[in-house]
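With mmCIF, C-alpha atoms and all ligand atoms inside, this is start-v5.cif:
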```cif
data_final
loop_
_atom_site.label_atom_id
_atom_site.label_comp_id
_atom_site.auth_asym_id
_atom_site.auth_seq_id
_atom_site.Cartn_x
_atom_site.Cartn_y
_atom_site.Cartn_z
CA MET M 29 -9.57 30.02 -11.45
CA ALA M 30 -8.59 30.84 -7.91
CA ALA M 31 -6.33 30.13 -4.98
CA VAL M 32 -8.00 28.85 -1.82
CA THR M 33 -6.70 29.80 1.62
CA LEU M 34 -7.70 28.21 4.91
CA ASP M 35 -6.55 30.18 7.94
CA LYS M 36 -6.90 28.37 11.28
CA LEU M 37 -10.16 26.73 10.22
CA CYS M 38 -11.97 24.96 13.08
CA LYS M 39 -15.14 22.90 13.26
CA THR M 40 -16.89 21.79 16.41
CA TYR M 41 -19.93 19.53 16.27
CA ASP M 42 -22.05 19.16 19.40
CA SER M 43 -20.74 15.68 20.08
CA ILE M 44 -17.05 16.14 19.50
CA ALA M 45 -14.42 18.58 20.76
CA LEU M 46 -12.77 19.60 17.49
CA ALA M 47 -13.53 17.67 14.29
CA VAL M 48 -11.21 20.08 12.44
CA ASP M 49 -8.55 21.71 14.57
CA SER M 50 -6.97 24.92 13.29
CA VAL M 51 -6.27 23.81 9.74
CA SER M 52 -4.22 26.31 7.72
CA LEU M 53 -3.51 25.62 4.06
CA GLU M 54 -2.69 27.68 0.99
CA ILE M 55 -3.88 25.95 -2.15
CA ASN M 56 -2.36 27.62 -5.18
CA ASP M 57 -4.25 28.64 -8.27
CA GLY M 58 -4.35 25.56 -10.54
CA GLU M 59 -2.98 23.19 -7.90
CA PHE M 60 -4.30 19.65 -7.28
CA LEU M 61 -4.32 19.19 -3.51
CA VAL M 62 -5.33 15.89 -1.91
CA LEU M 63 -6.59 15.56 1.66
CA VAL M 64 -5.96 12.05 2.91
CA GLY M 65 -6.29 10.30 6.26
CA PRO M 66 -8.13 7.55 8.10
CA SER M 67 -11.87 7.56 8.72
CA GLY M 68 -12.88 10.35 11.10
CA CYS M 69 -9.71 12.44 10.64
CA GLY M 70 -11.70 15.50 9.53
CA LYS M 71 -10.98 15.57 5.80
CA THR M 72 -14.62 15.52 4.66
CA THR M 73 -15.59 18.19 7.18
CA THR M 74 -12.74 20.38 5.88
CA LEU M 75 -13.94 19.94 2.29
CA ARG M 76 -17.56 20.59 3.23
CA MET M 77 -16.59 23.83 4.97
CA ILE M 78 -14.83 24.92 1.76
CA ALA M 79 -17.97 23.98 -0.20
CA GLY M 80 -20.21 25.88 2.22
CA LEU M 81 -22.16 22.72 3.12
CA GLU M 82 -20.94 22.95 6.72
CA SER M 83 -20.66 26.13 8.77
CA ILE M 84 -17.21 27.30 9.90
CA THR M 85 -16.86 27.43 13.70
CA SER M 86 -13.82 29.73 13.56
CA GLY M 87 -11.06 30.78 11.19
CA THR M 88 -11.13 32.39 7.76
CA LEU M 89 -11.72 30.89 4.32
CA HIS M 90 -10.68 32.74 1.16
CA ILE M 91 -11.57 31.65 -2.37
CA GLY M 92 -9.61 33.98 -4.61
CA GLU M 93 -9.58 37.43 -3.04
CA ARG M 94 -12.92 36.98 -1.25
CA ILE M 95 -13.59 35.86 2.30
CA VAL M 96 -16.40 33.35 1.78
CA ASN M 97 -17.15 32.14 5.33
CA ASP M 98 -20.74 33.31 5.03
CA VAL M 99 -21.20 33.10 1.26
CA HIS M 100 -23.88 30.66 0.02
CA PRO M 101 -22.46 27.51 -1.68
CA LYS M 102 -23.92 28.46 -5.05
CA ASP M 103 -22.15 31.80 -4.95
CA ARG M 104 -18.69 30.39 -4.17
CA ASP M 105 -17.85 29.52 -7.80
CA ILE M 106 -17.10 25.92 -6.92
CA ALA M 107 -18.35 22.57 -8.22
CA MET M 108 -18.41 19.49 -6.06
CA VAL M 109 -18.36 15.85 -7.17
CA PHE M 110 -19.63 13.31 -4.66
CA GLN M 111 -18.98 9.63 -4.11
CA ASN M 112 -22.60 8.71 -4.90
CA TYR M 113 -22.65 10.77 -8.16
CA ALA M 114 -25.86 12.59 -7.12
CA LEU M 115 -27.36 12.58 -10.64
CA TYR M 116 -31.02 13.42 -11.25
CA PRO M 117 -32.54 10.02 -12.21
CA HIS M 118 -35.42 11.42 -14.27
CA MET M 119 -33.17 13.57 -16.47
CA THR M 120 -31.02 12.49 -19.42
CA VAL M 121 -27.26 12.91 -19.30
CA ARG M 122 -27.62 16.06 -21.40
CA GLN M 123 -30.24 17.50 -19.01
CA ASN M 124 -28.15 16.56 -15.97
CA MET M 125 -25.16 18.36 -17.42
CA ALA M 126 -27.19 21.38 -18.47
CA PHE M 127 -29.10 21.74 -15.20
CA ALA M 128 -26.84 24.11 -13.27
CA LEU M 129 -26.41 26.37 -16.29
CA LYS M 130 -30.16 26.43 -16.85
CA MET M 131 -30.69 27.47 -13.21
CA ARG M 132 -28.31 30.36 -13.86
CA LYS M 133 -30.40 31.37 -16.83
CA THR M 134 -27.52 30.84 -19.23
CA PRO M 135 -28.70 31.31 -22.85
CA LYS M 136 -29.74 28.05 -24.55
CA ALA M 137 -27.11 28.23 -27.27
CA LYS M 138 -24.37 28.75 -24.69
CA ILE M 139 -25.66 25.76 -22.65
CA ALA M 140 -25.60 23.55 -25.74
CA GLU M 141 -22.07 24.71 -26.53
CA GLN M 142 -20.82 24.06 -22.97
CA VAL M 143 -22.45 20.63 -22.73
CA ALA M 144 -20.98 19.63 -26.09
CA TRP M 145 -17.55 20.82 -24.97
CA ALA M 146 -17.66 18.88 -21.67
CA ALA M 147 -19.14 15.79 -23.34
CA GLY M 148 -16.31 15.89 -25.86
CA LEU M 149 -13.68 16.14 -23.12
CA LEU M 150 -15.10 13.11 -21.33
CA GLY M 151 -16.20 10.99 -24.30
CA LEU M 152 -19.85 11.28 -23.25
CA GLU M 153 -21.33 12.13 -26.67
CA PRO M 154 -22.86 8.68 -27.31
CA LEU M 155 -24.57 8.74 -23.90
CA LEU M 156 -26.15 12.19 -23.94
CA ASP M 157 -29.73 10.97 -24.42
CA ARG M 158 -29.60 8.15 -21.86
CA LYS M 159 -30.89 8.33 -18.31
CA PRO M 160 -28.59 7.48 -15.37
CA LYS M 161 -30.16 4.06 -14.77
CA ALA M 162 -29.01 3.01 -18.25
CA LEU M 163 -25.37 3.82 -17.41
CA SER M 164 -22.61 1.81 -15.72
CA GLY M 165 -21.02 3.09 -12.49
CA GLY M 166 -18.02 4.44 -14.38
CA GLN M 167 -20.23 6.21 -16.91
CA ARG M 168 -22.31 7.76 -14.11
CA GLN M 169 -19.21 9.09 -12.45
CA ARG M 170 -18.09 10.51 -15.78
CA VAL M 171 -21.44 12.32 -16.07
CA ALA M 172 -21.01 13.67 -12.54
CA LEU M 173 -17.64 15.00 -13.64
CA GLY M 174 -19.19 16.44 -16.78
CA ARG M 175 -21.79 18.24 -14.70
CA ALA M 176 -19.03 19.86 -12.66
CA ILE M 177 -16.87 20.77 -15.66
CA VAL M 178 -19.68 22.30 -17.69
CA ARG M 179 -19.89 25.24 -15.30
CA GLN M 180 -16.18 26.03 -15.57
CA PRO M 181 -15.96 26.85 -11.86
CA ALA M 182 -12.94 28.40 -10.17
CA VAL M 183 -12.48 25.36 -7.92
CA PHE M 184 -13.35 21.66 -8.11
CA LEU M 185 -14.07 19.82 -4.86
CA PHE M 186 -14.04 16.03 -4.94
CA ASP M 187 -15.33 13.89 -2.06
CA GLU M 188 -14.05 10.31 -2.56
CA PRO M 189 -15.37 10.31 -6.16
CA LEU M 190 -13.93 6.93 -7.11
CA SER M 191 -14.81 4.86 -4.04
CA ASN M 192 -17.84 3.20 -5.61
CA LEU M 193 -15.96 1.96 -8.66
CA ASP M 194 -14.23 -1.41 -8.98
CA ALA M 195 -10.43 -1.51 -8.75
CA LYS M 196 -9.73 -1.50 -12.51
CA LEU M 197 -12.15 1.32 -13.26
CA ARG M 198 -10.78 3.32 -10.35
CA VAL M 199 -7.30 3.23 -11.86
CA GLU M 200 -8.69 4.24 -15.27
CA MET M 201 -10.71 7.13 -13.83
CA ARG M 202 -7.71 8.25 -11.80
CA ALA M 203 -5.68 8.60 -15.00
CA GLU M 204 -8.59 10.43 -16.59
CA LEU M 205 -8.85 12.89 -13.70
CA LYS M 206 -5.16 13.61 -14.00
CA ARG M 207 -5.47 14.22 -17.73
CA LEU M 208 -8.47 16.49 -17.19
CA HIS M 209 -6.62 18.50 -14.60
CA ARG M 210 -3.68 18.97 -16.96
CA GLN M 211 -6.08 20.15 -19.65
CA LEU M 212 -8.26 22.46 -17.54
CA ASN M 213 -5.75 23.45 -14.84
CA THR M 214 -8.55 24.22 -12.40
CA THR M 215 -7.71 24.44 -8.68
CA THR M 216 -8.77 21.08 -7.24
CA ILE M 217 -9.23 19.86 -3.68
CA TYR M 218 -9.72 16.11 -3.48
CA VAL M 219 -10.61 14.00 -0.44
CA THR M 220 -9.75 10.32 -0.26
CA HIS M 221 -8.77 7.67 2.27
CA ASP M 222 -6.85 5.83 -0.46
CA GLN M 223 -3.13 6.51 -0.18
CA GLU M 224 -2.44 5.35 -3.74
CA GLU M 225 -4.96 7.86 -5.10
CA ALA M 226 -3.40 10.58 -2.96
CA MET M 227 0.13 9.82 -4.11
CA THR M 228 -0.70 9.55 -7.82
CA LEU M 229 -3.08 12.52 -8.12
CA GLY M 230 -1.79 15.21 -5.79
CA ASP M 231 0.66 17.98 -6.62
CA ARG M 232 0.73 18.14 -2.84
CA VAL M 233 -0.76 15.79 -0.27
CA VAL M 234 -2.15 16.78 3.12
CA VAL M 235 -2.15 13.98 5.68
CA MET M 236 -4.71 14.55 8.44
CA GLU M 237 -5.31 12.78 11.73
CA GLY M 238 -7.44 13.83 14.70
CA GLY M 239 -8.61 16.99 12.89
CA ILE M 240 -4.99 18.18 12.58
CA VAL M 241 -2.76 18.53 9.52
CA GLN M 242 0.13 16.17 10.21
CA GLN M 243 2.05 17.09 7.07
CA CYS M 244 1.51 18.92 3.78
CA ALA M 245 4.09 18.30 1.05
CA ALA M 246 4.71 16.79 -2.40
CA PRO M 247 3.86 13.05 -2.53
CA LEU M 248 7.44 11.78 -2.63
CA GLU M 249 8.51 14.14 0.13
CA ILE M 250 5.70 12.80 2.33
CA TYR M 251 6.79 9.25 1.54
CA ASN M 252 10.54 9.77 1.90
CA GLN M 253 10.57 12.36 4.69
CA PRO M 254 7.48 11.72 6.82
CA ALA M 255 7.15 14.33 9.56
CA ASN M 256 6.20 11.83 12.23
CA ARG M 257 5.33 8.22 12.95
CA PHE M 258 1.69 8.62 11.98
CA VAL M 259 2.52 9.89 8.48
CA ALA M 260 5.21 7.22 8.09
CA SER M 261 2.80 4.44 8.99
CA PHE M 262 -0.17 5.80 7.01
CA LEU M 263 1.61 5.87 3.63
CA GLY M 264 3.07 2.65 2.26
CA MET M 265 1.66 -0.88 1.94
CA PRO M 266 2.62 -3.03 3.74
CA PRO M 267 3.22 -0.26 6.26
CA MET M 268 6.60 0.75 7.66
CA ASN M 269 7.99 -1.59 10.34
CA PHE M 270 8.73 0.01 13.72
CA PHE M 271 11.17 -1.08 16.43
CA GLU M 272 11.55 0.36 19.93
CA GLY M 273 15.11 0.64 21.16
CA THR M 274 18.03 2.96 21.80
CA ILE M 275 20.75 4.58 19.75
CA GLN M 276 24.26 4.37 21.08
CA ARG M 277 27.86 4.87 19.96
CA ASN M 278 29.70 1.82 18.67
CA GLY M 279 33.18 3.32 18.34
CA THR M 280 33.21 4.18 14.64
CA GLY M 281 29.56 5.19 14.31
CA VAL M 282 26.13 4.79 15.84
CA ASP M 283 24.01 1.65 16.31
CA PHE M 284 20.31 1.20 16.88
CA VAL M 285 19.97 -1.51 19.51
CA SER M 286 16.66 -3.27 20.23
CA PRO M 287 15.25 -6.63 21.28
CA ALA M 288 14.80 -7.30 17.55
CA GLY M 289 18.55 -6.95 16.94
CA THR M 290 21.08 -4.27 16.05
CA LEU M 291 21.02 -2.00 12.99
CA ASN M 292 24.07 -0.01 11.97
CA LEU M 293 23.25 3.68 11.33
CA GLY M 294 26.71 4.85 10.24
CA GLU M 295 27.27 8.44 11.36
CA ARG M 296 23.77 9.76 10.54
CA ALA M 297 22.42 9.79 14.06
CA GLY M 298 25.56 10.98 15.85
CA HIS M 299 24.14 14.48 16.45
CA LEU M 300 21.16 13.00 18.33
CA LEU M 301 23.25 11.59 21.14
CA ASN M 302 24.05 14.89 22.90
CA GLY M 303 26.97 13.52 24.86
CA SER M 304 24.80 11.23 27.03
CA GLY M 305 25.73 8.38 24.73
CA LEU M 306 22.28 6.77 24.77
CA ARG M 307 18.79 7.77 23.63
CA ASN M 308 15.43 6.01 23.40
CA VAL M 309 13.97 6.14 19.89
CA VAL M 310 11.66 4.26 17.54
CA ALA M 311 13.37 3.05 14.36
CA GLY M 312 11.36 2.63 11.17
CA VAL M 313 12.20 0.54 8.10
CA ARG M 314 10.02 0.32 4.99
CA PRO M 315 9.37 -3.25 3.76
CA GLU M 316 11.07 -2.56 0.43
CA ALA M 317 14.23 -1.29 2.19
CA PHE M 318 14.95 -4.73 3.63
CA GLY M 319 17.05 -7.28 1.79
CA LEU M 320 17.01 -10.96 2.65
CA GLN M 321 20.23 -12.91 3.12
CA ALA M 322 20.85 -16.54 3.97
CA ASN M 323 21.43 -17.08 7.66
CA GLY M 324 25.02 -16.49 8.83
CA GLY M 325 27.07 -13.37 9.46
CA VAL M 326 26.11 -10.60 11.84
CA ALA M 327 24.52 -7.96 9.60
CA GLY M 328 20.81 -7.17 9.98
CA LEU M 329 18.14 -8.86 12.02
CA PRO M 330 17.96 -12.65 12.52
CA ALA M 331 14.53 -13.95 11.52
CA THR M 332 12.46 -16.89 10.31
CA VAL M 333 10.34 -16.71 7.15
CA SER M 334 6.73 -17.07 8.24
CA VAL M 335 4.56 -16.18 5.21
CA VAL M 336 5.42 -15.60 1.53
CA GLU M 337 2.97 -13.66 -0.67
CA PRO M 338 3.90 -13.60 -4.38
CA LEU M 339 2.94 -10.37 -6.21
CA GLY M 340 4.43 -11.09 -9.64
CA SER M 341 7.87 -9.55 -10.04
CA MET M 342 8.03 -8.83 -6.28
CA MET M 343 6.94 -10.74 -3.22
CA ASP M 344 5.99 -9.80 0.32
CA VAL M 345 7.83 -11.93 2.83
CA TYR M 346 6.69 -11.75 6.46
CA LEU M 347 9.37 -12.63 8.99
CA GLU M 348 9.12 -13.59 12.61
CA LEU M 349 11.85 -12.18 14.84
CA PRO M 350 13.13 -13.90 17.99
CA SER M 351 11.44 -11.10 19.96
CA GLY M 352 8.08 -12.38 18.69
CA GLN M 353 7.53 -9.34 16.42
CA THR M 354 6.43 -9.94 12.83
CA ILE M 355 7.87 -7.66 10.15
CA ALA M 356 7.06 -7.19 6.47
CA THR M 357 9.65 -7.17 3.70
CA ARG M 358 9.14 -6.67 -0.04
CA VAL M 359 11.82 -8.24 -2.19
CA ALA M 360 12.35 -9.45 -5.77
CA ALA M 361 10.45 -12.68 -6.38
CA LYS M 362 12.48 -15.88 -6.10
CA PRO M 363 11.80 -19.25 -4.47
CA GLN M 364 11.64 -18.76 -0.71
CA ALA M 365 10.62 -21.53 1.68
CA GLU M 366 8.58 -20.79 4.78
CA GLY M 367 10.24 -21.71 8.10
CA VAL M 368 13.77 -20.98 6.84
CA ALA M 369 16.19 -18.88 8.95
CA VAL M 370 17.36 -15.66 7.21
CA ARG M 371 18.80 -12.25 8.04
CA ALA M 372 16.94 -9.06 7.11
CA THR M 373 19.49 -6.44 6.18
CA VAL M 374 19.02 -2.71 5.64
CA ALA M 375 21.36 0.09 4.54
CA PRO M 376 22.09 2.72 7.25
CA GLU M 377 20.49 5.47 5.13
CA ASP M 378 17.20 3.53 4.91
CA VAL M 379 16.57 3.50 8.66
CA TYR M 380 14.22 6.22 9.96
CA LEU M 381 14.42 7.40 13.56
CA PHE M 382 11.40 8.81 15.41
CA ASP M 383 11.13 10.41 18.81
CA ALA M 384 9.97 7.85 21.36
CA GLU M 385 7.87 10.58 23.01
CA GLY M 386 4.73 12.50 21.91
CA PRO M 387 3.73 12.33 18.24
CA GLY M 388 6.97 10.60 17.29
CA ARG M 389 8.64 13.40 15.35
CA ASN M 390 11.03 12.30 12.59
CA LEU M 391 14.46 12.97 14.14
CA LEU M 392 16.38 12.87 10.87
CA CYS M 393 14.58 15.53 8.81
P1 LIG A 1 -14.64 9.47 6.57
O1 LIG A 1 -13.54 9.06 5.64
O2 LIG A 1 -15.14 8.31 7.40
O3 LIG A 1 -15.72 10.25 5.93
P2 LIG A 1 -13.41 11.91 7.54
O4 LIG A 1 -11.94 11.91 7.70
O5 LIG A 1 -13.91 12.51 6.30
O6 LIG A 1 -13.97 10.43 7.69
P3 LIG A 1 -15.21 13.60 8.95
O7 LIG A 1 -16.41 13.03 8.26
O8 LIG A 1 -14.77 14.94 8.55
O9 LIG A 1 -13.98 12.60 8.82
O10 LIG A 1 -15.45 13.55 10.52
C1 LIG A 1 -14.59 14.12 11.47
C2 LIG A 1 -15.18 13.92 12.86
O11 LIG A 1 -16.37 14.68 12.98
C3 LIG A 1 -15.56 12.48 13.15
O12 LIG A 1 -15.27 12.19 14.49
C4 LIG A 1 -17.05 12.45 12.90
O13 LIG A 1 -17.68 11.47 13.69
C5 LIG A 1 -17.48 13.86 13.31
N1 LIG A 1 -18.64 14.33 12.54
C6 LIG A 1 -18.72 14.42 11.18
N2 LIG A 1 -19.94 14.91 10.82
C7 LIG A 1 -20.63 15.11 11.98
C8 LIG A 1 -21.94 15.61 12.27
N3 LIG A 1 -22.77 16.01 11.31
N4 LIG A 1 -22.32 15.68 13.58
C9 LIG A 1 -21.48 15.29 14.56
N5 LIG A 1 -20.22 14.83 14.35
C10 LIG A 1 -19.81 14.73 13.06
#
```
So that I can check it, write out the structure of this file as structure tokens.
Amino acid sequence: MAAVTLDKLCKTYDSIALAVDSVSLEINDGEFLVLVGPSGCGKTTTLRMIAGLESITSGTLHIGERIVNDVHPKDRDIAMVFQNYALYPHMTVRQNMAFALKMRKTPKAKIAEQVAWAAGLLGLEPLLDRKPKALSGGQRQRVALGRAIVRQPAVFLFDEPLSNLDAKLRVEMRAELKRLHRQLNTTTIYVTHDQEEAMTLGDRVVVMEGGIVQQCAAPLEIYNQPANRFVASFLGMPPMNFFEGTIQRNGTGVDFVSPAGTLNLGERAGHLLNGSGLRNVVAGVRPEAFGLQANGGVAGLPATVSVVEPLGSMMDVYLELPSGQTIATRVAAKPQAEGVAVRATVAPEDVYLFDAEGPGRNLLC
């Protein structure tokens, strides 16, 4: 096993300024780290540089104690699992799993022992003599995992390994990956664009955008204390609602005032006012932080129910505000008619405030 350290790693392709822009990360021995972000954010390039499948433009990469910038992929003591499984179609499952060990001239008895061990871990024993075309997508991905595990590498690299599976199988395989990691405790770096996968699998999650690490922290910290507007909007479905406005004193505390309405912030934002008494900000509220009340009173934002989407025990209710903005709320399921006037309320501690300038830094953490 090994720690992996990226120190100011950069990648420039001919066509693009910086696909990966000075990424520094310390992945601990045995940690499960997830790189997540939208298409083109640089996560795959980062993983491929760690794997040695892409050259490093600048910066230093350590696997364990060694600098491996110029070390051949096969000598990095890593195993990579790809989205498309990359199995050899003419070989049986057993031969696929044994292949890398055979190339290393591992003794036959040892190969048999390792394949049996990995097959046992993954429940592959009944499939060992089949060829990939006689396997389902889930079984193929399991074999791809088996092929990586068999070598007992220091580091596992996963590139969107579950994207080709249907939703139910993806959830099952996710649980299996988590169990395997608990059992083997191998350092794992996992790339996905799926926020749910990132949140459920990662010990820590790295959110990337524009080749830059926007935040690296434990899943709940990323969710509850997003570093900036991008991170706040990327994690959570439906995404966080944003409102442009100002914060200002209201006598006893601080209010957020916007065309959408006024939200009471209590005393939390008092330190942001700096004596001027007014500041432009962007407020953020997660859908599940809103409550819906019958129209009347002054608390919260006045709105009209526009769409109701039942989810079972919860429902997503989309509201139209007088300003024309549509917001998402997620509340406990109960009969709710479309077109009805309501008020969307939120507790002061559930309102995020972001800088109106630049990357929209979170002003309250
Ligand atoms: P996806 O989820 O779509 O794979 P990603 O976050 O993994 O996206 P990368 O594949 O790392 O992103 O790409 C980062 C940037 O580098 C993108 O702008 C992409 O177009 C560019 N890029 C990736 N590979 C190459 C290449 N071989 N040549 C030129 N540009 C590339």
ask   = Quick one, how far is CA of Met125 in chain M from CA of Gly166 in chain M?
value =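 Those two atoms sit 15.9 Å apart.
Across M:Gln276, M:Thr290, M:Asn308, M:Thr74, the tightest approach to ligand LIG 1 (chain A) is made by M:Thr74 when counting all atoms listed in the file.
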ask   = With all atoms listed in the file as the atoms that count, which of M:Gly68, M:Gly298, M:Gly289, M:Gly238 lies nearest to Val51 in chain M?
value =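 Smallest separation from Val51 in chain M among the options: M:Gly238.
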task = Grab me every residue within 8 Å of ligand LIG 1 (chain A), counting only C-alpha atoms and all ligand atoms, and send it over as a list of chain:residue names.
result = M:Thr40, M:Tyr41, M:Asp42, M:Ser43, M:Ile44, M:Leu46, M:Ala47, M:Val48, M:Val64, M:Gly65, M:Pro66, M:Ser67, M:Gly68, M:Cys69, M:Gly70, M:Lys71, M:Thr72, M:Thr73, M:Thr74, M:Val219, M:Thr220, M:His221, M:Met236, M:Glu237, M:Gly238, M:Gly239
Determine, using only C-alpha atoms, which residues of range 307-391 of chain M have any atom at most 9 Å from an atom of range 257-274 of chain M, and tabulate each with its shortest atom pair and distance in Å to one decimal place, rows ordered by chain and then rising number, as JSON lines.
```
{"residue": "M:Arg307", "atom": "CA", "partner": "M:Thr274", "partner_atom": "CA", "distance": 5.2}
{"residue": "M:Asn308", "atom": "CA", "partner": "M:Thr274", "partner_atom": "CA", "distance": 4.3}
{"residue": "M:Val309", "atom": "CA", "partner": "M:Thr274", "partner_atom": "CA", "distance": 5.5}
{"residue": "M:Val310", "atom": "CA", "partner": "M:Glu272", "partner_atom": "CA", "distance": 4.6}
{"residue": "M:Ala311", "atom": "CA", "partner": "M:Phe271", "partner_atom": "CA", "distance": 5.1}
{"residue": "M:Gly312", "atom": "CA", "partner": "M:Phe270", "partner_atom": "CA", "distance": 4.5}
{"residue": "M:Val313", "atom": "CA", "partner": "M:Asn269", "partner_atom": "CA", "distance": 5.2}
{"residue": "M:Arg314", "atom": "CA", "partner": "M:Met268", "partner_atom": "CA", "distance": 4.4}
{"residue": "M:Pro315", "atom": "CA", "partner": "M:Met268", "partner_atom": "CA", "distance": 6.2}
{"residue": "M:Asp344", "atom": "CA", "partner": "M:Pro266", "partner_atom": "CA", "distance": 8.3}
{"residue": "M:Thr354", "atom": "CA", "partner": "M:Asn269", "partner_atom": "CA", "distance": 8.9}
{"residue": "M:Ile355", "atom": "CA", "partner": "M:Asn269", "partner_atom": "CA", "distance": 6.1}
{"residue": "M:Ala356", "atom": "CA", "partner": "M:Pro266", "partner_atom": "CA", "distance": 6.7}
{"residue": "M:Thr357", "atom": "CA", "partner": "M:Pro266", "partner_atom": "CA", "distance": 8.2}
{"residue": "M:Arg358", "atom": "CA", "partner": "M:Pro266", "partner_atom": "CA", "distance": 8.4}
{"residue": "M:Phe382", "atom": "CA", "partner": "M:Arg257", "partner_atom": "CA", "distance": 6.6}
{"residue": "M:Asp383", "atom": "CA", "partner": "M:Arg257", "partner_atom": "CA", "distance": 8.5}
{"residue": "M:Ala384", "atom": "CA", "partner": "M:Glu272", "partner_atom": "CA", "distance": 7.8}
{"residue": "M:Pro387", "atom": "CA", "partner": "M:Arg257", "partner_atom": "CA", "distance": 6.9}
{"residue": "M:Gly388", "atom": "CA", "partner": "M:Arg257", "partner_atom": "CA", "distance": 5.2}
{"residue": "M:Arg389", "atom": "CA", "partner": "M:Arg257", "partner_atom": "CA", "distance": 6.6}
{"residue": "M:Asn390", "atom": "CA", "partner": "M:Arg257", "partner_atom": "CA", "distance": 7.0}
```
Export of prior selection with C-alpha atoms as a tab-separated table (two decimals), keeping the file's coordinate frame:
```
chain	number	residue	atom	x	y	z
M	307	ARG	CA	18.79	7.77	23.63
M	308	ASN	CA	15.43	6.01	23.40
M	309	VAL	CA	13.97	6.14	19.89
M	310	VAL	CA	11.66	4.26	17.54
M	311	ALA	CA	13.37	3.05	14.36
M	312	GLY	CA	11.36	2.63	11.17
M	313	VAL	CA	12.20	0.54	8.10
M	314	ARG	CA	10.02	0.32	4.99
M	315	PRO	CA	9.37	-3.25	3.76
M	344	ASP	CA	5.99	-9.80	0.32
M	354	THR	CA	6.43	-9.94	12.83
M	355	ILE	CA	7.87	-7.66	10.15
M	356	ALA	CA	7.06	-7.19	6.47
M	357	THR	CA	9.65	-7.17	3.70
M	358	ARG	CA	9.14	-6.67	-0.04
M	382	PHE	CA	11.40	8.81	15.41
M	383	ASP	CA	11.13	10.41	18.81
M	384	ALA	CA	9.97	7.85	21.36
M	387	PRO	CA	3.73	12.33	18.24
M	388	GLY	CA	6.97	10.60	17.29
M	389	ARG	CA	8.64	13.40	15.35
M	390	ASN	CA	11.03	12.30	12.59
```
